[in-house]
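K.L.:
Quick one, my_file_14.csv (CSV, C-alpha atoms and all ligand atoms):
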```csv
chain,number,residue,atom,x,y,z
O,30,MET,CA,87.2,112.0,81.1
O,31,THR,CA,87.8,115.7,81.5
O,32,ALA,CA,89.8,118.0,83.6
O,33,GLY,CA,86.6,120.0,84.3
O,34,GLN,CA,86.2,119.6,88.0
O,35,ARG,CA,87.4,122.4,90.3
O,36,PRO,CA,91.0,121.6,91.4
O,37,VAL,CA,91.8,121.5,95.1
O,38,VAL,CA,94.2,124.1,96.2
O,39,GLY,CA,95.9,122.6,99.3
O,40,PRO,CA,97.7,119.3,99.7
O,41,VAL,CA,95.5,116.2,99.3
O,42,THR,CA,96.3,113.2,101.5
O,43,GLU,CA,95.0,109.6,100.9
O,44,LEU,CA,95.5,106.5,103.0
O,45,ALA,CA,96.9,103.4,101.2
O,46,ARG,CA,95.6,100.6,103.4
O,47,ALA,CA,97.1,97.1,103.5
O,48,LYS,CA,95.1,94.6,101.4
O,49,VAL,CA,94.6,91.2,103.1
O,50,ASN,CA,93.3,88.2,101.1
O,51,LEU,CA,91.2,86.2,103.7
O,52,HIS,CA,91.1,83.4,101.2
O,53,LEU,CA,92.7,83.1,97.7
O,54,HIS,CA,91.7,80.4,95.4
O,55,VAL,CA,93.4,80.1,92.0
O,56,THR,CA,90.6,79.0,89.8
O,57,GLY,CA,92.2,79.0,86.4
O,58,ARG,CA,94.7,80.5,84.1
O,59,ARG,CA,94.3,82.9,81.1
O,60,ALA,CA,96.0,82.4,77.7
O,61,ASP,CA,98.3,85.3,78.6
O,62,GLY,CA,99.6,83.5,81.7
O,63,TYR,CA,97.6,85.6,84.3
O,64,HIS,CA,95.7,83.6,86.8
O,65,LEU,CA,92.0,83.7,87.6
O,66,LEU,CA,91.4,84.2,91.2
O,67,ASP,CA,88.6,84.1,93.8
O,68,SER,CA,89.4,86.1,96.9
O,69,LEU,CA,87.7,87.8,99.9
O,70,VAL,CA,89.7,91.0,100.4
O,71,VAL,CA,89.7,93.3,103.4
O,72,PHE,CA,91.7,96.4,104.2
O,73,ALA,CA,93.6,96.8,107.5
O,74,ASP,CA,94.1,100.1,109.3
O,75,ALA,CA,97.8,99.6,108.7
O,76,ALA,CA,98.5,102.0,105.9
O,77,ASP,CA,101.0,104.0,103.8
O,78,GLU,CA,100.1,107.6,103.1
O,79,VAL,CA,100.2,109.5,99.8
O,80,THR,CA,100.1,113.3,99.8
O,81,ALA,CA,99.8,115.3,96.6
O,82,ALA,CA,100.4,119.1,96.5
O,83,GLY,CA,100.7,121.5,93.6
O,84,GLY,CA,104.1,121.8,91.9
O,85,GLU,CA,106.1,122.1,88.7
O,86,GLY,CA,106.5,118.7,86.9
O,87,MET,CA,106.0,115.5,88.9
O,88,ALA,CA,108.3,114.7,91.7
O,89,LEU,CA,108.1,112.1,94.5
O,90,SER,CA,109.8,112.2,97.9
O,91,LEU,CA,109.9,109.2,100.2
O,92,GLY,CA,109.7,108.9,104.0
O,93,GLY,CA,108.6,106.5,106.7
O,94,PRO,CA,110.2,103.3,108.2
O,95,GLU,CA,109.9,101.1,105.1
O,96,ALA,CA,111.1,103.7,102.5
O,97,GLY,CA,114.6,102.3,102.4
O,98,SER,CA,113.7,99.4,100.2
O,99,LEU,CA,112.1,101.7,97.6
O,100,ALA,CA,114.9,104.3,97.4
O,101,ALA,CA,116.5,102.6,94.3
O,102,GLU,CA,113.1,102.1,92.6
O,103,ALA,CA,113.3,104.1,89.4
O,104,ASP,CA,109.6,103.6,88.5
O,105,ASN,CA,107.6,104.0,91.7
O,106,LEU,CA,104.0,103.0,91.3
O,107,VAL,CA,103.0,106.4,92.7
O,108,LEU,CA,104.7,108.2,89.8
O,109,ARG,CA,103.4,105.6,87.2
O,110,ALA,CA,99.9,106.3,88.5
O,111,GLY,CA,100.4,110.0,88.2
O,112,ARG,CA,101.7,109.8,84.6
O,113,LEU,CA,98.9,107.5,83.5
O,114,LEU,CA,96.2,109.7,85.0
O,115,ALA,CA,97.7,112.9,83.5
O,116,GLU,CA,97.9,111.2,80.0
O,117,MET,CA,94.3,109.9,80.2
O,118,ALA,CA,93.1,113.4,81.3
O,119,GLY,CA,95.0,115.0,78.5
O,120,LEU,CA,96.9,117.3,80.9
O,121,ASP,CA,99.7,119.1,79.0
O,122,ARG,CA,101.9,120.1,81.9
O,123,PRO,CA,100.7,118.1,84.9
O,124,GLY,CA,102.3,119.4,88.1
O,125,ALA,CA,102.4,117.6,91.5
O,126,ALA,CA,104.7,117.3,94.4
O,127,LEU,CA,104.0,113.8,95.7
O,128,ARG,CA,105.1,112.4,99.1
O,129,LEU,CA,104.9,108.7,100.0
O,130,GLU,CA,105.0,107.8,103.7
O,131,LYS,CA,106.0,104.1,103.5
O,132,ARG,CA,105.0,102.0,106.5
O,133,LEU,CA,104.0,98.7,104.8
O,134,PRO,CA,106.8,96.2,103.9
O,135,VAL,CA,107.5,96.1,100.2
O,136,ALA,CA,106.8,93.0,98.1
O,137,SER,CA,105.0,91.3,100.9
O,138,GLY,CA,101.5,90.1,99.7
O,139,ILE,CA,99.6,93.0,101.3
O,140,GLY,CA,99.6,95.1,98.1
O,141,GLY,CA,101.4,98.1,99.4
O,142,GLY,CA,102.5,99.2,96.0
O,143,SER,CA,99.0,98.7,94.6
O,144,ALA,CA,97.5,100.6,97.5
O,145,ASP,CA,99.9,103.4,96.9
O,146,ALA,CA,99.1,103.6,93.2
O,147,ALA,CA,95.3,103.6,94.0
O,148,ALA,CA,95.8,106.3,96.7
O,149,ALA,CA,97.9,108.4,94.2
O,150,LEU,CA,95.1,108.1,91.6
O,151,ARG,CA,92.5,109.3,94.1
O,152,ALA,CA,94.7,112.1,95.4
O,153,LEU,CA,95.7,113.4,92.0
O,154,ALA,CA,92.2,113.2,90.6
O,155,ARG,CA,91.1,115.5,93.4
O,156,LEU,CA,94.2,117.8,93.1
O,157,TRP,CA,93.9,118.2,89.4
O,158,GLY,CA,90.1,118.3,89.3
O,159,VAL,CA,89.9,115.4,86.9
O,160,GLU,CA,86.4,114.1,86.3
O,161,ILE,CA,86.6,110.4,85.8
O,162,GLY,CA,83.8,107.8,86.3
O,163,PRO,CA,84.4,104.7,88.4
O,164,THR,CA,84.5,102.3,85.5
O,165,GLN,CA,87.1,104.4,83.6
O,166,LEU,CA,89.1,104.8,86.8
O,167,ALA,CA,89.0,101.0,87.5
O,168,ALA,CA,90.2,100.3,83.9
O,169,LEU,CA,93.1,102.8,84.4
O,170,ALA,CA,93.9,101.1,87.8
O,171,LEU,CA,94.1,97.7,86.2
O,172,ARG,CA,96.8,98.9,83.8
O,173,LEU,CA,99.0,99.5,86.9
O,174,GLY,CA,98.5,96.1,88.4
O,175,ALA,CA,95.9,93.4,89.0
O,176,ASP,CA,95.4,94.4,92.6
O,177,VAL,CA,95.0,98.2,92.0
O,178,PRO,CA,91.2,98.1,91.2
O,179,VAL,CA,90.3,96.5,94.5
O,180,CYS,CA,92.6,99.0,96.3
O,181,LEU,CA,90.8,102.0,94.8
O,182,ALA,CA,87.7,101.5,97.0
O,183,SER,CA,89.8,100.1,99.8
O,184,ARG,CA,86.8,98.4,101.4
O,185,PRO,CA,85.9,94.7,101.9
O,186,ALA,CA,85.2,93.1,98.4
O,187,ARG,CA,85.0,89.8,96.6
O,188,MET,CA,87.7,89.9,94.0
O,189,GLN,CA,87.6,87.6,90.9
O,190,GLY,CA,88.9,87.5,87.3
O,191,VAL,CA,92.5,88.5,87.4
O,192,GLY,CA,91.5,91.1,90.0
O,193,GLU,CA,89.2,93.3,88.0
O,194,VAL,CA,85.9,91.6,88.7
O,195,LEU,CA,84.7,93.1,92.0
O,196,SER,CA,81.5,92.4,93.9
O,197,SER,CA,80.1,92.8,97.4
O,198,ALA,CA,81.7,90.9,100.2
O,199,PRO,CA,79.6,89.0,102.7
O,200,VAL,CA,78.4,91.2,105.7
O,201,LEU,CA,81.5,91.0,107.9
O,202,PRO,CA,81.3,91.0,111.7
O,203,PRO,CA,83.7,93.2,113.8
O,204,PHE,CA,87.0,91.5,114.2
O,205,GLY,CA,90.7,92.2,114.8
O,206,LEU,CA,93.7,91.3,112.6
O,207,VAL,CA,97.4,90.7,113.3
O,208,LEU,CA,99.8,91.0,110.3
O,209,ALA,CA,103.3,89.6,110.5
O,210,ASN,CA,106.2,89.5,108.0
O,211,PRO,CA,109.6,87.8,108.6
O,212,ARG,CA,111.3,90.7,106.7
O,213,ILE,CA,111.8,88.6,103.5
O,214,SER,CA,110.5,90.1,100.3
O,215,VAL,CA,108.8,87.7,97.9
O,216,ALA,CA,108.3,88.3,94.1
O,217,THR,CA,104.7,87.7,93.1
O,218,PRO,CA,105.5,86.2,89.6
O,219,ARG,CA,107.8,83.6,91.1
O,220,ILE,CA,105.1,82.3,93.5
O,221,PHE,CA,102.5,82.1,90.7
O,222,ALA,CA,105.0,80.3,88.5
O,223,ALA,CA,105.7,77.7,91.2
O,224,ARG,CA,102.0,76.9,91.8
O,225,SER,CA,101.0,73.5,90.5
O,226,GLY,CA,98.1,71.0,90.8
O,227,PRO,CA,94.4,71.3,89.9
O,228,PHE,CA,92.7,74.6,90.0
O,229,ALA,CA,90.4,75.4,93.0
O,230,PRO,CA,86.6,76.0,92.8
O,231,VAL,CA,85.1,79.4,93.5
O,232,ALA,CA,84.3,79.5,97.2
O,233,GLU,CA,80.8,79.3,98.4
O,234,LEU,CA,80.3,82.2,100.8
O,235,PRO,CA,77.2,83.1,102.8
O,236,ALA,CA,75.4,86.5,102.9
O,237,GLY,CA,77.2,87.3,106.1
O,238,TRP,CA,78.7,86.0,109.4
O,239,LYS,CA,77.3,86.9,112.9
O,240,ASN,CA,80.6,87.0,114.7
O,241,ALA,CA,84.4,86.6,114.2
O,242,GLU,CA,84.3,83.0,115.4
O,243,GLU,CA,81.7,82.0,112.8
O,244,MET,CA,83.7,83.8,110.1
O,245,ALA,CA,87.0,82.2,111.1
O,246,ALA,CA,85.3,78.7,111.1
O,247,ALA,CA,84.1,79.3,107.5
O,248,LEU,CA,87.5,80.7,106.4
O,249,ARG,CA,89.3,77.6,107.8
O,250,GLY,CA,87.4,75.5,105.2
O,251,LEU,CA,89.0,77.7,102.4
O,252,ARG,CA,92.7,78.3,101.6
O,253,ASN,CA,95.3,80.4,100.0
O,254,ASP,CA,96.6,78.4,97.0
O,255,LEU,CA,99.8,80.4,96.9
O,256,GLU,CA,100.7,79.4,100.4
O,257,PRO,CA,102.3,76.0,99.5
O,258,PRO,CA,104.5,77.3,96.7
O,259,ALA,CA,105.4,80.3,98.9
O,260,ILE,CA,106.5,78.1,101.8
O,261,ALA,CA,108.5,75.9,99.4
O,262,LEU,CA,110.4,79.0,98.2
O,263,CYS,CA,110.5,80.8,101.5
O,264,PRO,CA,110.4,78.3,104.4
O,265,PRO,CA,110.3,80.9,107.2
O,266,ILE,CA,106.6,81.6,106.2
O,267,ALA,CA,105.7,78.3,108.0
O,268,GLU,CA,107.3,79.6,111.1
O,269,VAL,CA,105.3,82.8,110.9
O,270,LEU,CA,102.1,80.8,110.5
O,271,GLY,CA,103.0,78.7,113.5
O,272,ALA,CA,103.7,81.7,115.6
O,273,LEU,CA,100.4,83.4,114.6
O,274,SER,CA,98.3,80.3,115.3
O,275,ALA,CA,99.9,80.0,118.8
O,276,LEU,CA,99.0,83.6,119.8
O,277,PRO,CA,96.4,83.7,122.6
O,278,GLY,CA,92.9,84.3,121.1
O,279,ALA,CA,93.9,83.6,117.4
O,280,LEU,CA,90.9,82.1,115.6
O,281,MET,CA,92.7,81.2,112.4
O,282,ALA,CA,96.0,82.1,110.5
O,283,ARG,CA,96.8,82.2,106.8
O,284,MET,CA,99.2,83.8,104.3
O,285,SER,CA,98.0,86.9,102.4
O,286,GLY,CA,98.4,87.2,98.6
O,287,SER,CA,101.8,85.8,97.4
O,288,GLY,CA,103.4,86.3,100.8
O,289,ALA,CA,105.4,86.5,102.9
O,290,THR,CA,103.0,88.5,105.2
O,291,CYS,CA,100.6,86.2,107.1
O,292,PHE,CA,97.6,87.2,109.2
O,293,ALA,CA,95.6,85.9,112.1
O,294,ILE,CA,92.0,86.8,112.9
O,295,PHE,CA,91.0,87.8,116.5
O,296,PRO,CA,87.6,88.5,118.1
O,297,ASP,CA,88.4,92.2,118.4
O,298,ALA,CA,91.1,94.8,117.6
O,299,ALA,CA,92.3,95.2,121.2
O,300,ALA,CA,93.1,91.5,121.4
O,301,ALA,CA,94.9,91.7,118.1
O,302,ALA,CA,97.0,94.6,119.2
O,303,ARG,CA,98.0,92.8,122.4
O,304,ALA,CA,98.8,89.6,120.5
O,305,ALA,CA,101.0,91.4,117.9
O,306,ALA,CA,103.3,92.7,120.6
O,307,LEU,CA,104.1,89.1,121.5
O,308,LEU,CA,105.6,88.3,118.1
O,309,PRO,CA,109.4,88.5,117.5
O,310,GLN,CA,110.6,92.0,117.5
O,311,ASP,CA,112.7,91.6,114.3
O,312,TRP,CA,109.6,90.8,112.3
O,313,TRP,CA,107.3,93.5,110.9
O,314,ARG,CA,104.2,93.1,113.0
O,315,TRP,CA,100.9,95.0,113.4
O,316,GLY,CA,97.7,94.4,115.2
O,317,GLY,CA,94.4,96.4,115.0
O,318,SER,CA,91.1,96.7,113.1
O,319,VAL,CA,90.0,96.5,109.5
O,320,ARG,CA,87.9,99.0,107.6
O,321,SER,CA,84.2,98.1,107.4
O,322,ALA,CA,82.1,98.1,104.3
O,323,THR,CA,80.3,101.4,105.2
O,401,LIG,C1,98.6,87.8,94.4
O,401,LIG,C2,97.9,89.0,94.7
O,401,LIG,C3,96.5,88.6,95.3
O,401,LIG,O1,95.8,89.8,95.7
O,401,LIG,O2,98.5,89.9,95.6
O,401,LIG,P1,100.0,90.3,96.1
O,401,LIG,O3,100.7,89.1,96.5
O,401,LIG,O4,100.6,91.0,94.9
O,401,LIG,O5,99.8,91.3,97.2
O,401,LIG,C4,97.6,89.8,93.4
O,401,LIG,O6,96.8,89.0,92.5
O,401,LIG,C5,98.8,90.3,92.6
O,401,LIG,O7,98.5,91.5,92.1
O,401,LIG,P2,99.6,92.6,91.6
O,401,LIG,O8,100.7,92.5,92.5
O,401,LIG,O9,98.9,93.9,91.3
O,401,LIG,O10,100.0,91.8,90.3
O,401,LIG,P3,100.6,92.4,88.9
O,401,LIG,O11,101.6,93.4,89.2
O,401,LIG,O12,99.5,92.8,88.0
O,401,LIG,O13,101.3,91.1,88.3
O,401,LIG,C6,102.5,90.6,88.8
O,401,LIG,C7,102.7,89.2,88.3
O,401,LIG,O14,101.9,88.3,89.1
O,401,LIG,C8,101.3,87.3,88.2
O,401,LIG,N1,99.8,87.4,88.4
O,401,LIG,C9,99.3,88.5,88.9
O,401,LIG,C10,97.9,88.5,89.1
O,401,LIG,C11,97.1,87.5,88.6
O,401,LIG,N2,95.8,87.5,88.7
O,401,LIG,N3,97.7,86.4,88.0
O,401,LIG,C12,99.1,86.4,87.9
O,401,LIG,O15,99.6,85.4,87.3
O,401,LIG,C13,101.8,87.5,86.8
O,401,LIG,O16,103.0,86.7,86.7
O,401,LIG,C14,102.2,89.0,86.9
O,401,LIG,O17,103.2,89.3,85.9
O,402,LIG,N1,105.1,102.5,96.1
O,402,LIG,C1,105.6,101.3,96.0
O,402,LIG,N2,105.5,100.4,97.1
O,402,LIG,C2,105.8,99.1,97.0
O,402,LIG,N3,106.4,98.6,96.0
O,402,LIG,C3,106.5,99.3,94.9
O,402,LIG,C4,106.2,100.7,94.9
O,402,LIG,N4,106.4,101.2,93.6
O,402,LIG,C5,107.0,100.2,92.9
O,402,LIG,N5,107.1,99.0,93.7
O,402,LIG,C6,107.5,97.7,93.2
O,402,LIG,O1,106.4,96.8,93.2
O,402,LIG,C7,106.8,95.5,93.7
O,402,LIG,C8,105.6,94.9,94.4
O,402,LIG,O2,105.4,95.6,95.6
O,402,LIG,P1,104.2,95.5,96.6
O,402,LIG,O3,102.9,96.0,96.1
O,402,LIG,O4,104.6,96.0,98.0
O,402,LIG,O5,104.0,93.9,96.7
O,402,LIG,P2,102.8,93.0,97.1
O,402,LIG,O6,101.7,93.2,96.1
O,402,LIG,O7,103.4,91.6,97.0
O,402,LIG,O8,102.5,93.3,98.5
O,402,LIG,C9,108.0,95.8,94.6
O,402,LIG,O9,108.9,94.8,94.5
O,402,LIG,C10,108.6,97.1,94.1
O,402,LIG,O10,109.7,96.8,93.2
```
Just dump the structure as structure tokens.

P.N.:
Amino acid sequence: MTAGQRPVVGPVTELARAKVNLHLHVTGRRADGYHLLDSLVVFADAADEVTAAGGEGMALSLGGPEAGSLAAEADNLVLRAGRLLAEMAGLDRPGAALRLEKRLPVASGIGGGSADAAAALRALARLWGVEIGPTQLAALALRLGADVPVCLASRPARMQGVGEVLSSAPVLPPFGLVLANPRISVATPRIFAARSGPFAPVAELPAGWKNAEEMAAALRGLRNDLEPPAIALCPPIAEVLGALSALPGALMARMSGSGATCFAIFPDAAAAARAAALLPQDWWRWGGSVRSAT
């Protein structure tokens, strides 16, 4: 890796989209305790925003409706990503004024922190003119978290290994998504630690689905293995799943990642947006579309 590319002068902004695990099978466990996963991952249009501009030293300012829960965070993933990229690029005096517009709930199973870290890597690589290949960037991302590599591309993907083995997703039809969180944060390590029982098989997925109904029918045959331990530790998740399933037009509902955010699939984005408005106002809720593979 070099710092040989022409740096960008103006501020660089990157979206940090919410990651949604349409299924999540825990297929094994490594000797170091990390779990082997099989997951079909999509990215919603709900997103944080990371902006990087030139500056002396590296500083981060926070804004947006969900910034409050991060104010006390000494080691924001955006700064960790910046420090790591600067170190790998051999930059002596890296300078960046970073801004995080936080709209996604923190510690909620939609990888907001991972998406922020990935967005910071993309933004700073452009700002500093760092030339880095995709393999090297993915290895760097993995050091920040198991979910960061998939968030780099921020497009539909099949995710395996502990999160670092990425391959093409089936061809997805257009569909809408509702996300709902009961405003309870959930710590990922606790949920993995509470999981028990035999490991799941890798899911058999087709080359693609013709429409949202067909996709939802296939997904109903799969599961999120972290859902039972998450509900045991955080019972309101069951209520969120019940409310999502009862929305008009919902084709299936499931928890994402280690929770507590749950999602429901709809035939289109407009139906999803209408349905989200029917959920309790004291929940974090969102309805809209997902980013396609192209
Ligand atoms: C569960 C998932 C599914 O996409 O999503 P989230 O709930 O975080 O959104 C991810 O695997 C989370 O990825 P990420 O949040 O980046 O995890 P990390 O920071 O690397 O790890 C946090 C902790 O989760 C556990 N962990 C994480 C990933 C993995 N494959 N196996 C694990 O056992 C470990 O206890 C680890 O110490
Ligand atoms: N920019 C950030 N956004 C969210 N969480 C962050 C960030 N930086 C550090 N964190 C820490 O990472 C943890 C996991 O956050 P997050 O990625 O939102 O969870 P999840 O992967 O479950 O959605 C939080 O508890 C928080 O302490």

K.L.:
With only C-alpha atoms and all ligand atoms as the atoms that count, which of O:Ala168, O:Cys291, O:Ala282, O:Leu195 lies nearest to ligand LIG 402 (chain O)?

P.N.:
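Counting only C-alpha atoms and all ligand atoms, the residue closest to ligand LIG 402 (chain O) is O:Cys291.
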
K.L.:
Could you list the protein, DNA and RNA residues that have any atom within 7 Å of ligand LIG 401 (chain O), counting all atoms listed in the file, and write them as a PyMOL selection string?

P.N.:
chain O and resi 50+62-66+137-140+143+173-177+191-192+217-218+221-222+285-288

K.L.:
Please provide the set of residues having any atom within 9 Å of region 196-203 of chain O, restricted to all atoms listed in the file, with same-chain residues fewer than 5 positions apart removed, written as a list in words.

P.N.:
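Selected residues are Leu69, Val70, Val71, Pro185, Ala186, Arg187, Met188, Gln189, Leu234, Pro235, Ala236, Gly237, Trp238, Lys239, Asn240, Ala241, Met244, Pro296, Asp297, Ala298, Ser318, Val319, Ser321 and Ala322 of chain O.
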
K.L.:
Write out as a PyMOL selection string the residues lying within 10 Å of Thr290 (chain O), counting only C-alpha atoms and excluding same-chain residues fewer than 6 positions away.

P.N.:
chain O and resi 49+134+136-139+208-215+266+269-270+283-284+312-314

K.L.:
For C-alpha atoms, I'd like the residues from the last selection saved as a short mmCIF file (atom, residue, chain, number, x, y, z; two decimals), in the coordinates of the input.

P.N.:
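Resulting contents of part_24.cif:
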```cif
data_model
loop_
_atom_site.label_atom_id
_atom_site.label_comp_id
_atom_site.auth_asym_id
_atom_site.auth_seq_id
_atom_site.Cartn_x
_atom_site.Cartn_y
_atom_site.Cartn_z
CA VAL O 49 94.60 91.20 103.10
CA PRO O 134 106.80 96.20 103.90
CA ALA O 136 106.80 93.00 98.10
CA SER O 137 105.00 91.30 100.90
CA GLY O 138 101.50 90.10 99.70
CA ILE O 139 99.60 93.00 101.30
CA LEU O 208 99.80 91.00 110.30
CA ALA O 209 103.30 89.60 110.50
CA ASN O 210 106.20 89.50 108.00
CA PRO O 211 109.60 87.80 108.60
CA ARG O 212 111.30 90.70 106.70
CA ILE O 213 111.80 88.60 103.50
CA SER O 214 110.50 90.10 100.30
CA VAL O 215 108.80 87.70 97.90
CA ILE O 266 106.60 81.60 106.20
CA VAL O 269 105.30 82.80 110.90
CA LEU O 270 102.10 80.80 110.50
CA ARG O 283 96.80 82.20 106.80
CA MET O 284 99.20 83.80 104.30
CA TRP O 312 109.60 90.80 112.30
CA TRP O 313 107.30 93.50 110.90
CA ARG O 314 104.20 93.10 113.00
#
```

K.L.:
For ligand LIG 402 (chain O), which residue out of O:Gly142, O:Pro123, O:Gly205, O:Gly111 is the nearest one, using only C-alpha atoms and all ligand atoms?

P.N.:
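Using only C-alpha atoms and all ligand atoms, ligand LIG 402 (chain O) sits closest to O:Gly142.
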
K.L.:
As an exercise, work out the distance from CA of His52 (chain O) to CA of Ala96 (chain O) in Å and give it to one decimal place.

P.N.:
28.5 Å

K.L.:
Identify which of the residues O:Glu116, O:Asp67, O:Ala289, O:Leu150 lies closest to ligand LIG 402 (chain O), counting only C-alpha atoms and all ligand atoms when measuring atom-to-atom distances.

P.N.:
O:Ala289

K.L.:
Leaving out region 255-259 of chain O and any residue of its chain fewer than 6 positions from it, which residues lie within 6 Å of it when counting all atoms listed in the file, given as a count of residues only?

P.N.:
4

K.L.:
What separation in Å, quoted to one decimal, exists between CA of Leu133 (chain O) and CA of Ala272 (chain O)?

P.N.:
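Distance reported for this atom pair: 20.1 Å.
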
K.L.:
Name the closest residue to Val231 (chain O) among the candidates O:Val207, O:Leu251, O:Ala154, O:Ala216; distances are taken between atoms, counting only C-alpha atoms.

P.N.:
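Result for the nearest residue to Val231 (chain O): O:Leu251.
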
K.L.:
With distances taken over all atoms listed in the file, which of O:Arg172, O:Arg219, O:Arg252, O:Lys131 is nearest to ligand LIG 402 (chain O)?

P.N.:
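The closest residue to ligand LIG 402 (chain O) is O:Lys131.
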
K.L.:
Quick one: of O:Thr42, O:Ser225, O:Thr164, O:Ser90, who's nearest to ligand LIG 402 (chain O), counting all atoms listed in the file?

P.N.:
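When distances to ligand LIG 402 (chain O) are compared using all atoms listed in the file, the smallest one comes from O:Ser90.
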